[in-house]
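Peer 1: I'm passing along final.cif; it holds mmCIF, C-alpha atoms and all ligand atoms.
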data_protein
loop_
_atom_site.label_atom_id
_atom_site.label_comp_id
_atom_site.auth_asym_id
_atom_site.auth_seq_id
_atom_site.Cartn_x
_atom_site.Cartn_y
_atom_site.Cartn_z
CA MET A 1 22.95 12.95 83.76
CA SER A 2 25.09 9.89 84.44
CA GLY A 3 23.55 8.82 87.79
CA PRO A 4 22.07 5.32 87.98
CA ALA A 5 18.43 6.44 88.34
CA ARG A 6 18.71 8.58 85.23
CA LYS A 7 20.31 5.74 83.31
CA ARG A 8 17.54 3.35 84.18
CA THR A 9 15.03 5.79 82.69
CA LEU A 10 17.02 6.04 79.47
CA ASP A 11 17.55 2.30 79.40
CA THR A 12 13.83 1.72 79.69
CA PHE A 13 13.22 4.14 76.86
CA PHE A 14 15.67 2.33 74.64
CA LYS A 15 14.38 -1.15 75.48
CA PRO A 16 13.08 -2.42 72.16
CA THR A 17 9.45 -3.41 71.88
CA SER A 18 10.41 -6.38 69.72
CA LYS A 19 10.53 -9.98 70.93
CA ARG A 20 13.64 -10.67 73.03
CA THR A 21 15.37 -13.97 73.60
CA ARG A 22 18.29 -14.23 75.99
CA VAL A 23 21.13 -15.96 74.16
CA SER A 24 24.25 -15.45 76.21
CA GLU A 25 25.64 -13.80 79.28
CA ASP A 26 29.29 -13.02 79.73
CA ASN A 27 31.56 -10.35 81.12
CA GLY A 28 28.74 -8.93 83.23
CA GLY A 29 26.87 -7.34 80.37
CA SER A 30 23.78 -9.34 79.52
CA SER A 31 23.30 -10.01 75.87
CA ASP A 32 19.89 -10.37 74.24
CA LEU A 33 18.90 -11.38 70.77
CA GLU A 34 16.31 -8.94 69.54
CA ILE A 35 14.12 -9.88 66.63
CA SER A 36 12.70 -6.84 64.88
CA SER A 37 9.56 -6.78 62.77
CA GLU A 38 11.74 -7.17 59.66
CA ASP A 39 13.19 -10.27 61.33
CA HIS A 40 16.65 -8.70 61.43
CA LYS A 41 18.67 -10.23 64.23
CA LEU A 42 20.43 -7.66 66.40
CA GLU A 43 22.28 -8.46 69.59
CA PHE A 44 22.91 -5.86 72.29
CA THR A 45 24.97 -5.63 75.46
CA HIS A 46 22.83 -4.26 78.30
CA HIS A 47 24.02 -2.93 81.64
CA SER A 48 22.45 -0.58 84.18
CA SER A 49 25.55 1.66 83.99
CA TYR A 50 25.17 2.27 80.21
CA PRO A 51 23.13 5.26 79.09
CA PHE A 52 21.68 3.00 76.35
CA PRO A 53 22.17 -0.63 75.22
CA ILE A 54 25.23 -1.13 72.99
CA PRO A 55 24.79 -3.32 69.90
CA CYS A 56 27.08 -6.19 69.04
CA PHE A 57 28.75 -6.29 65.62
CA PRO A 58 26.74 -8.00 62.91
CA TYR A 59 28.02 -11.52 62.24
CA SER A 60 29.53 -10.32 58.92
CA VAL A 61 32.00 -8.24 61.01
CA SER A 62 32.55 -10.39 64.13
CA ALA A 63 33.21 -13.55 62.07
CA ASN A 64 36.47 -11.92 60.89
CA PHE A 65 37.89 -11.44 64.40
CA THR A 66 39.35 -14.95 64.58
CA SER A 67 41.63 -14.19 61.60
CA LEU A 68 43.15 -11.06 63.21
CA PRO A 69 45.81 -9.73 63.18
CA CYS A 70 46.12 -9.68 59.39
CA THR A 71 49.88 -8.93 59.50
CA VAL A 72 52.79 -9.86 61.77
CA GLY A 73 53.84 -7.22 64.30
CA LYS A 74 57.18 -5.50 63.68
CA ALA A 75 59.38 -4.78 66.69
CA ILE A 76 60.67 -1.20 67.08
CA ASN A 77 63.30 -1.32 69.80
CA ASP A 78 66.30 0.39 68.22
CA GLN A 79 66.49 3.19 70.81
CA ALA A 80 67.07 3.32 74.55
CA ASP A 81 64.11 2.19 76.67
CA LEU A 82 61.91 1.76 73.60
CA ASP A 83 59.91 -1.43 73.07
CA LEU A 84 57.10 -1.25 70.50
CA LEU A 85 55.34 -3.88 68.43
CA TYR A 86 53.73 -2.30 65.36
CA PHE A 87 50.97 -4.09 63.41
CA GLN A 88 50.60 -2.24 60.13
CA PRO A 89 47.72 -3.04 59.94
CA TYR A 90 46.12 -5.32 62.52
CA ILE A 91 42.64 -4.96 60.99
CA PRO A 92 42.42 -5.27 57.18
CA LYS A 93 41.03 -2.70 54.77
CA ASN A 94 37.21 -2.38 54.64
CA LEU A 95 36.79 -4.17 57.99
CA GLU A 96 38.54 -1.22 59.72
CA ARG A 97 36.03 1.18 58.09
CA GLN A 98 33.04 -0.88 59.23
CA ILE A 99 34.42 -1.07 62.79
CA PHE A 100 35.18 2.68 62.83
CA GLU A 101 31.68 3.66 61.66
CA PHE A 102 29.98 1.18 63.98
CA LEU A 103 31.85 2.29 67.12
CA ARG A 104 31.45 6.00 66.35
CA ARG A 105 27.70 5.48 65.84
CA GLU A 106 26.99 3.16 68.77
CA LEU A 107 29.17 4.13 71.75
CA PRO A 108 28.32 6.76 74.37
CA PHE A 109 30.95 9.53 74.43
CA TYR A 110 31.81 12.33 76.87
CA ARG A 111 33.62 15.64 76.74
CA VAL A 112 35.14 15.56 80.21
CA GLU A 113 36.06 18.66 82.22
CA TYR A 114 38.05 18.52 85.43
CA LYS A 115 40.01 20.80 87.74
CA ILE A 116 43.73 20.64 88.42
CA LYS A 117 45.69 22.55 91.06
CA ARG A 118 49.20 23.71 90.19
CA GLY A 119 51.19 25.87 92.59
CA GLY A 120 48.00 26.55 94.55
CA VAL A 121 46.17 27.79 91.42
CA GLU A 122 43.08 25.88 90.31
CA THR A 123 42.53 25.51 86.55
CA GLN A 124 39.54 24.05 84.70
CA ILE A 125 40.70 21.60 82.00
CA ARG A 126 38.54 20.68 79.02
CA THR A 127 39.63 17.38 77.48
CA PRO A 128 40.23 18.21 73.79
CA ARG A 129 38.57 15.04 72.40
CA TYR A 130 35.60 12.74 73.06
CA THR A 131 36.30 9.89 75.46
CA THR A 132 34.63 6.82 76.91
CA VAL A 133 35.79 3.89 79.04
CA PHE A 134 34.75 0.36 80.05
CA GLY A 135 36.31 -2.11 82.47
CA LEU A 136 37.13 -3.03 86.03
CA ASP A 137 40.48 -3.48 87.82
CA GLU A 138 41.92 -6.87 88.83
CA THR A 139 40.45 -6.84 92.36
CA SER A 140 36.87 -7.16 91.07
CA ARG A 141 34.81 -8.59 88.23
CA PHE A 142 31.24 -8.46 86.95
CA ASN A 143 29.16 -11.58 87.73
CA GLU A 144 26.61 -12.95 85.26
CA ASP A 145 23.96 -10.58 86.64
CA GLY A 146 26.20 -7.59 85.94
CA GLU A 147 26.95 -6.99 89.63
CA ILE A 148 30.45 -6.15 90.84
CA VAL A 149 31.93 -8.95 92.94
CA ASP A 150 35.31 -9.59 94.53
CA ALA A 151 37.60 -11.29 92.00
CA LYS A 152 38.78 -13.88 94.55
CA THR A 153 35.78 -14.57 96.80
CA GLY A 154 32.92 -13.79 94.37
CA LYS A 155 31.29 -11.80 97.21
CA GLU A 156 29.41 -8.62 96.36
CA VAL A 157 31.55 -5.47 96.38
CA LYS A 158 29.84 -2.57 98.12
CA ARG A 159 29.75 0.27 95.60
CA ASP A 160 29.22 2.92 98.30
CA LYS A 161 32.39 1.73 100.04
CA ASP A 162 34.73 0.61 97.26
CA TYR A 163 33.75 2.47 94.07
CA THR A 164 32.29 5.64 95.49
CA ARG A 165 33.00 8.00 92.59
CA CYS A 166 32.07 5.94 89.53
CA SER A 167 29.70 3.34 88.07
CA PRO A 168 32.01 0.78 86.42
CA ARG A 169 30.81 -0.51 83.05
CA PRO A 170 31.48 -3.96 81.57
CA ILE A 171 33.33 -3.97 78.24
CA PRO A 172 30.54 -4.37 75.65
CA LYS A 173 30.73 -7.37 73.33
CA CYS A 174 31.63 -5.20 70.33
CA LEU A 175 34.88 -4.13 72.05
CA ASP A 176 35.47 -7.35 73.97
CA GLY A 177 36.04 -9.31 70.75
CA LEU A 178 38.93 -7.01 69.92
CA ARG A 179 40.28 -7.29 73.50
CA ILE A 180 40.30 -11.10 73.27
CA SER A 181 42.05 -10.98 69.88
CA THR A 182 44.64 -8.52 71.25
CA GLU A 183 45.36 -10.73 74.26
CA ALA A 184 45.96 -13.70 71.94
CA ALA A 185 48.20 -11.66 69.60
CA THR A 186 50.33 -10.08 72.33
CA GLY A 187 50.33 -12.57 75.21
CA CYS A 188 49.26 -9.68 77.49
CA ARG A 189 46.11 -9.46 79.63
CA PHE A 190 43.77 -6.45 79.59
CA ASN A 191 40.81 -5.47 81.78
CA PHE A 192 40.21 -1.89 80.60
CA CYS A 193 39.23 -0.39 77.29
CA LEU A 194 39.58 3.38 76.78
CA VAL A 195 38.23 4.99 73.61
CA ASN A 196 39.11 8.42 72.20
CA TYR A 197 37.26 10.06 69.32
CA TYR A 198 39.13 12.90 67.62
CA ALA A 199 36.31 14.59 65.68
CA SER A 200 38.69 16.78 63.65
CA GLY A 201 42.24 18.10 63.64
CA SER A 202 41.37 20.40 66.57
CA ASP A 203 41.08 17.38 68.84
CA SER A 204 44.32 16.07 70.30
CA ILE A 205 46.15 14.50 73.23
CA SER A 206 49.20 16.26 74.59
CA TYR A 207 52.52 14.62 75.50
CA HIS A 208 52.09 12.17 78.38
CA SER A 209 53.02 8.64 79.42
CA ASP A 210 50.65 5.96 80.63
CA ASP A 211 52.77 4.68 83.50
CA GLU A 212 50.06 5.30 86.06
CA ARG A 213 50.75 3.92 89.54
CA PHE A 214 47.67 1.68 89.41
CA LEU A 215 49.00 -0.31 86.42
CA GLU A 216 51.72 -2.97 86.56
CA PRO A 217 55.35 -1.72 86.84
CA GLU A 218 56.16 -2.06 83.10
CA PRO A 219 52.67 -1.83 81.64
CA ALA A 220 51.77 -3.10 78.19
CA ILE A 221 49.27 -0.88 76.38
CA ALA A 222 47.73 -1.90 73.05
CA SER A 223 46.60 1.09 70.98
CA PHE A 224 44.36 0.81 67.88
CA SER A 225 43.78 3.48 65.23
CA LEU A 226 40.60 3.67 63.15
CA GLY A 227 39.49 6.32 60.66
CA ALA A 228 41.63 9.33 59.73
CA LYS A 229 45.40 9.03 59.63
CA ARG A 230 47.03 11.02 62.45
CA ASP A 231 50.66 11.44 63.47
CA PHE A 232 51.68 9.67 66.68
CA LEU A 233 54.70 11.45 68.14
CA MET A 234 57.08 9.99 70.68
CA LYS A 235 60.04 11.50 72.51
CA HIS A 236 62.24 10.31 75.38
CA LYS A 237 61.51 11.85 78.79
CA PRO A 238 64.12 14.38 79.88
CA VAL A 239 67.05 12.52 81.46
CA ILE A 240 68.19 13.89 84.81
CA PRO A 241 72.00 13.44 85.01
CA ASN A 242 72.79 11.09 87.85
CA GLY A 243 76.38 11.39 89.16
CA ASN A 244 78.09 8.06 88.54
CA ALA A 245 75.31 6.28 86.59
CA GLU A 246 75.90 5.39 82.92
CA PRO A 247 74.54 8.24 80.74
CA THR A 248 71.45 7.29 78.67
CA PRO A 249 72.38 7.12 74.97
CA GLU A 250 71.11 9.94 72.75
CA THR A 251 67.61 9.29 71.43
CA LYS A 252 65.72 10.87 68.58
CA PRO A 253 61.99 11.63 68.46
CA ILE A 254 59.70 9.33 66.46
CA LYS A 255 56.79 10.13 64.15
CA LEU A 256 54.45 7.26 63.17
CA PRO A 257 51.65 8.25 60.77
CA LEU A 258 49.10 5.82 62.23
CA ALA A 259 46.57 4.63 59.64
CA SER A 260 43.15 3.04 60.05
CA GLY A 261 43.48 -0.54 61.27
CA ASP A 262 46.99 -0.11 62.71
CA MET A 263 47.82 -1.27 66.24
CA ILE A 264 50.84 -0.31 68.27
CA LEU A 265 51.75 -2.19 71.43
CA MET A 266 53.82 -0.13 73.88
CA ARG A 267 55.52 -2.36 76.43
CA GLY A 268 58.56 -2.92 78.68
CA LYS A 269 60.38 0.28 79.60
CA THR A 270 58.50 2.43 77.04
CA GLN A 271 55.89 4.07 79.31
CA GLY A 272 58.41 4.75 82.07
CA ASN A 273 60.80 6.55 79.73
CA TRP A 274 58.99 7.87 76.66
CA LEU A 275 56.18 10.38 76.13
CA HIS A 276 53.60 10.17 73.33
CA SER A 277 51.06 12.55 71.80
CA ILE A 278 48.62 13.15 68.92
CA PRO A 279 49.14 16.83 67.98
CA LYS A 280 46.41 19.02 66.49
CA ARG A 281 46.20 19.41 62.71
CA THR A 282 45.45 22.74 61.11
CA GLY A 283 44.61 24.17 57.68
CA LYS A 284 43.51 21.80 54.94
CA ASN A 285 44.36 18.78 57.11
CA ALA A 286 41.97 19.77 59.90
CA GLU A 287 38.72 18.30 58.53
CA ASP A 288 39.88 14.71 58.36
CA GLY A 289 36.60 12.82 58.94
CA GLY A 290 37.51 11.82 62.50
CA ARG A 291 39.66 9.21 64.16
CA ILE A 292 38.97 6.63 66.87
CA ASN A 293 41.69 5.36 69.18
CA ILE A 294 41.13 2.31 71.38
CA THR A 295 43.58 1.40 74.12
CA PHE A 296 43.53 -1.83 76.15
CA ARG A 297 45.24 -1.73 79.55
CA LYS A 298 45.35 -3.67 82.83
CA ALA A 299 44.52 -1.82 86.05
CA MET A 300 45.54 -3.61 89.23
CA VAL A 301 43.68 -1.74 92.00
CA LYS A 302 40.40 0.08 92.65
CA ALA A 303 42.05 3.51 92.44
CA GLY A 304 42.70 2.74 88.75
CA THR A 305 39.02 2.16 88.10
CA GLU A 306 38.09 5.42 89.87
CA ASN A 307 40.75 7.33 87.92
CA TYR A 308 39.79 6.02 84.47
CA TYR A 309 36.08 6.80 84.93
CA HIS A 310 36.84 10.21 86.41
CA TYR A 311 38.91 11.30 83.38
CA ASN A 312 37.05 9.48 80.59
CA VAL A 313 33.35 9.54 81.62
CA GLY A 314 33.20 12.24 84.31
CA THR A 315 29.89 13.70 85.42
CA GLY A 316 28.82 15.63 82.32
CA PRO A 317 26.29 14.81 79.60
CA VAL A 318 26.39 11.93 77.09
CA TYR A 319 27.13 12.51 73.40
CA LYS A 320 26.04 10.17 70.62
CA TRP A 321 26.82 10.25 66.91
CA ASP A 322 24.01 11.65 64.77
CA ASN A 323 24.19 10.15 61.31
CA SER A 324 22.02 12.77 59.58
CA SER A 325 24.06 15.80 60.74
CA ARG A 326 27.25 13.69 60.82
CA GLU A 327 28.39 15.01 64.20
CA MET A 328 28.25 14.17 67.90
CA LYS A 329 25.01 15.40 69.48
CA LEU A 330 24.20 15.95 73.13
CA LEU A 331 21.86 13.16 74.15
CA THR A 332 18.70 14.46 75.77
CA PHE A 333 16.34 12.28 77.82
CA ASP A 334 14.36 11.01 74.82
CA GLY A 335 17.50 9.98 72.97
CA ARG A 336 16.74 12.08 69.92
CA GLY A 337 19.59 14.56 70.51
O1 LIG A 401 45.07 8.42 70.10
C1 LIG A 401 46.15 7.84 70.29
O2 LIG A 401 46.72 7.21 69.41
C2 LIG A 401 46.82 7.90 71.65
C3 LIG A 401 45.88 7.90 72.81
C4 LIG A 401 46.60 7.90 74.12
O3 LIG A 401 47.78 8.10 74.18
C5 LIG A 401 45.87 7.65 75.36
O4 LIG A 401 44.63 7.53 75.35
O5 LIG A 401 46.52 7.57 76.40
FE FE A 402 48.55 7.50 76.09
#
Rewrite the structure from the file as structure tokens, please.
Ligand SMILES: O=C(O)CCC(=O)C(=O)O
Ligand SMILES: [Fe+2]
Peer 2:
Amino acid sequence: MSGPARKRTLDTFFKPTSKRTRVSEDNGGSSDLEISSEDHKLEFTHHSSYPFPIPCFPYSVSANFTSLPCTVGKAINDQADLDLLYFQPYIPKNLERQIFEFLRRELPFYRVEYKIKRGGVETQIRTPRYTTVFGLDETSRFNEDGEIVDAKTGKEVKRDKDYTRCSPRPIPKCLDGLRISTEAATGCRFNFCLVNYYASGSDSISYHSDDERFLEPEPAIASFSLGAKRDFLMKHKPVIPNGNAEPTPETKPIKLPLASGDMILMRGKTQGNWLHSIPKRTGKNAEDGGRINITFRKAMVKAGTENYYHYNVGTGPVYKWDNSSREMKLLTFDGRG
């Protein structure tokens, strides 16, 4: 379903019949202005790796990006190895709702399954949420034609040699605006954008840390919340007593009820020493209308690109939001779900 030949077919199907004028090209995803019969102006990001073109925000939304964040970030660093910057919120009321509904409606999502081997036993894991990912590690970039080239030399990178297991996707304009704003607000650089959609309280992410070996040593990760409020839990990793080293001071777990528009930057020693999770919600809290999480990260090497696509796009079918049934629908070849 996600092979390049298949995508081209879908892309062709989705190509609008309206008049198209090229207006800009950046970040490897070409951007066209499409004028519909009603003379509504819609811009899209196109790329051969996308299952369908991804629209840009209407001007009424994107014009607000220059005034973000709408509050000052508050440092939370009162415990050992903890370094957070909490924007409560980063995106103001109403704008967060428009962004949530737009991204849920317009992005391709996946329900990734993969195998893990523990103690010689292979287990099939089903990711308990919808995921999608865009970006390319520091060794490469997309040129203006959307091709992957070496970041230093600008020479074409051979996909069959260097990115054998994935088709990297440029960050579409609708997410790139937020990435640029986040870089300005935090002083950090990001080349990857991961998106989670938690359709209900049954979707979750278990305790983990994002200190993957393909990131920088003390990675900064910016994490946005949109839609339903969900608890973000953090706890210190178990401390292994080390003979003559100073004992780590006692720490207590943290619960942040992340609301729509909030952003939390995790930086410094946080990923190396703390775990985080979004637990399931049950009972009357389960049908919460859905939540989107966006994280921006910086992958340094090609293995990072391969890893992120493997776990967030995978090889399964594409899902797209269906506004009439108000749920994610499997996308079939004609795009009608
Ligand atoms: O949904 C969230 O707030 C957390 C997501 C997360 O931890 C991750 O994608 O690594
Ligand atoms: Fe995480």
Peer 1: Using all atoms listed in the file, what are the residues with an atom within 9 Å of ligand LIG 401 (chain A), set out as a ChimeraX atom specification?
Peer 2: /A:131,194-198,204-210,221,223-225,230-232,258,264,275-278,291-295
Peer 1: Would you please work out which residue, of A:Ser181, A:Ser48, A:Ser260, A:Ser200, is nearest to Phe100 of chain A when using only C-alpha atoms?
Peer 2: A:Ser260
Peer 1: Counting only C-alpha atoms and all ligand atoms, figure out which residue out of A:Met328, A:Leu175, A:Val239, A:Ala222 gets nearest to ligand FE 402 (chain A).
Peer 2: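 Answer, going by the shortest atom-to-atom distance: A:Ala222.
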Peer 1: Using only C-alpha atoms and all ligand atoms, which of the listed residues (A:Asn94, A:Thr66, A:Thr270, A:Ser202) sits closest to ligand FE 402 (chain A)?
Peer 2: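 Ranked by minimum distance to ligand FE 402 (chain A), first place goes to A:Thr270.
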Peer 1: Can you work out the spacing between atom CA of Phe192 of chain A and atom CA of Arg297 of chain A in Å, to one decimal?
Peer 2: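 Atom CA of Arg297 of chain A lies at a distance of 5.1 Å from atom CA of Phe192 of chain A.
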Peer 1: Please return as a ChimeraX atom specification every residue within 12 Å of (48.6, -1.0, 86.9), taking into account only C-alpha atoms and the file's own coordinates.
Peer 2: /A:136-139,189-192,210-221,271,296-305,307-308
Peer 1: Extract, using only C-alpha atoms, all DNA, RNA and protein residues at most 6 Å from Gly28 of chain A, discarding same-chain residues fewer than 3 positions from it, and format them as a PyMOL selection string.
Peer 2: chain A and resi 142-144+146+170
Peer 1: In Å, rounded to a single decimal, give me how far atom CA of Val61 of chain A is from atom CA of Asn323 of chain A.
Peer 2: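 Atom CA of Asn323 of chain A sits 20.0 Å away from atom CA of Val61 of chain A.
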Peer 1: Rounded to one decimal in Å, what is the spacing between atom CA of Arg104 of chain A and atom CA of Thr132 of chain A?
Peer 2: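 Atom CA of Thr132 of chain A lies 11.1 Å from atom CA of Arg104 of chain A.
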Peer 1: From the options A:Ile99, A:Thr127, A:His47, A:Ile180, which residue's atoms come nearest to Ile148 of chain A, counting only C-alpha atoms?
Peer 2: A:His47
Peer 1: Using all atoms listed in the file, which residue out of A:Trp274, A:Phe57, A:Tyr110, A:Phe102 lies closest to ligand FE 402 (chain A)?
Peer 2: A:Trp274
Peer 1: Given only C-alpha atoms as the basis, pick out the residue of A:Leu226, A:Val72, A:Leu103, A:Met234 nearest to Thr251 of chain A.
Peer 2: A:Met234
Peer 1: Mind rebuilding segment 205-229 of chain A with N, CA and C atoms and writing that out as an mmCIF file, in the coordinates of the input?
Peer 2:
data_model
loop_
_atom_site.group_PDB
_atom_site.id
_atom_site.type_symbol
_atom_site.label_atom_id
_atom_site.label_comp_id
_atom_site.auth_asym_id
_atom_site.auth_seq_id
_atom_site.Cartn_x
_atom_site.Cartn_y
_atom_site.Cartn_z
ATOM 1 N N ILE A 205 45.731 14.901 71.868
ATOM 2 C CA ILE A 205 46.150 14.500 73.230
ATOM 3 C C ILE A 205 47.592 14.988 73.368
ATOM 4 N N SER A 206 47.861 15.670 74.446
ATOM 5 C CA SER A 206 49.200 16.260 74.590
ATOM 6 C C SER A 206 50.187 15.204 75.105
ATOM 7 N N TYR A 207 51.466 15.560 75.082
ATOM 8 C CA TYR A 207 52.520 14.620 75.500
ATOM 9 C C TYR A 207 52.266 14.125 76.915
ATOM 10 N N HIS A 208 52.290 12.809 77.066
ATOM 11 C CA HIS A 208 52.090 12.170 78.380
ATOM 12 C C HIS A 208 52.662 10.757 78.295
ATOM 13 N N SER A 209 52.731 10.078 79.435
ATOM 14 C CA SER A 209 53.020 8.640 79.420
ATOM 15 C C SER A 209 51.955 7.958 80.247
ATOM 16 N N ASP A 210 51.684 6.702 79.927
ATOM 17 C CA ASP A 210 50.650 5.960 80.630
ATOM 18 C C ASP A 210 51.289 4.990 81.620
ATOM 19 N N ASP A 211 52.143 5.535 82.486
ATOM 20 C CA ASP A 211 52.770 4.680 83.500
ATOM 21 C C ASP A 211 52.141 4.982 84.859
ATOM 22 N N GLU A 212 50.783 4.968 84.836
ATOM 23 C CA GLU A 212 50.060 5.300 86.060
ATOM 24 C C GLU A 212 50.370 4.289 87.159
ATOM 25 N N ARG A 213 50.333 4.770 88.403
ATOM 26 C CA ARG A 213 50.750 3.920 89.540
ATOM 27 C C ARG A 213 49.822 2.731 89.743
ATOM 28 N N PHE A 214 48.610 2.781 89.208
ATOM 29 C CA PHE A 214 47.670 1.680 89.410
ATOM 30 C C PHE A 214 47.773 0.592 88.333
ATOM 31 N N LEU A 215 48.739 0.754 87.396
ATOM 32 C CA LEU A 215 49.000 -0.310 86.420
ATOM 33 C C LEU A 215 50.155 -1.163 86.934
ATOM 34 N N GLU A 216 50.552 -2.175 86.175
ATOM 35 C CA GLU A 216 51.720 -2.970 86.560
ATOM 36 C C GLU A 216 52.977 -2.130 86.361
ATOM 37 N N PRO A 217 54.129 -2.527 86.952
ATOM 38 C CA PRO A 217 55.350 -1.720 86.840
ATOM 39 C C PRO A 217 55.781 -1.407 85.398
ATOM 40 N N GLU A 218 55.801 -2.363 84.498
ATOM 41 C CA GLU A 218 56.160 -2.060 83.100
ATOM 42 C C GLU A 218 54.942 -2.373 82.250
ATOM 43 N N PRO A 219 53.960 -1.475 82.232
ATOM 44 C CA PRO A 219 52.670 -1.830 81.640
ATOM 45 C C PRO A 219 52.731 -1.986 80.123
ATOM 46 N N ALA A 220 51.942 -2.947 79.634
ATOM 47 C CA ALA A 220 51.770 -3.100 78.190
ATOM 48 C C ALA A 220 50.438 -2.445 77.826
ATOM 49 N N ILE A 221 50.478 -1.584 76.825
ATOM 50 C CA ILE A 221 49.270 -0.880 76.380
ATOM 51 C C ILE A 221 49.127 -1.086 74.875
ATOM 52 N N ALA A 222 47.983 -1.658 74.475
ATOM 53 C CA ALA A 222 47.730 -1.900 73.050
ATOM 54 C C ALA A 222 46.845 -0.773 72.532
ATOM 55 N N SER A 223 47.272 -0.128 71.441
ATOM 56 C CA SER A 223 46.600 1.090 70.980
ATOM 57 C C SER A 223 46.201 0.962 69.503
ATOM 58 N N PHE A 224 44.885 0.961 69.241
ATOM 59 C CA PHE A 224 44.360 0.810 67.880
ATOM 60 C C PHE A 224 43.992 2.155 67.281
ATOM 61 N N SER A 225 44.194 2.285 65.970
ATOM 62 C CA SER A 225 43.780 3.480 65.230
ATOM 63 C C SER A 225 42.729 3.095 64.200
ATOM 64 N N LEU A 226 41.674 3.895 64.128
ATOM 65 C CA LEU A 226 40.600 3.670 63.150
ATOM 66 C C LEU A 226 40.187 5.015 62.575
ATOM 67 N N GLY A 227 39.940 5.060 61.262
ATOM 68 C CA GLY A 227 39.490 6.320 60.660
ATOM 69 C C GLY A 227 40.660 7.123 60.118
ATOM 70 N N ALA A 228 40.614 8.433 60.328
ATOM 71 C CA ALA A 228 41.630 9.330 59.730
ATOM 72 C C ALA A 228 43.037 8.988 60.199
ATOM 73 N N LYS A 229 43.984 9.206 59.289
ATOM 74 C CA LYS A 229 45.400 9.030 59.630
ATOM 75 C C LYS A 229 45.847 10.218 60.493
#
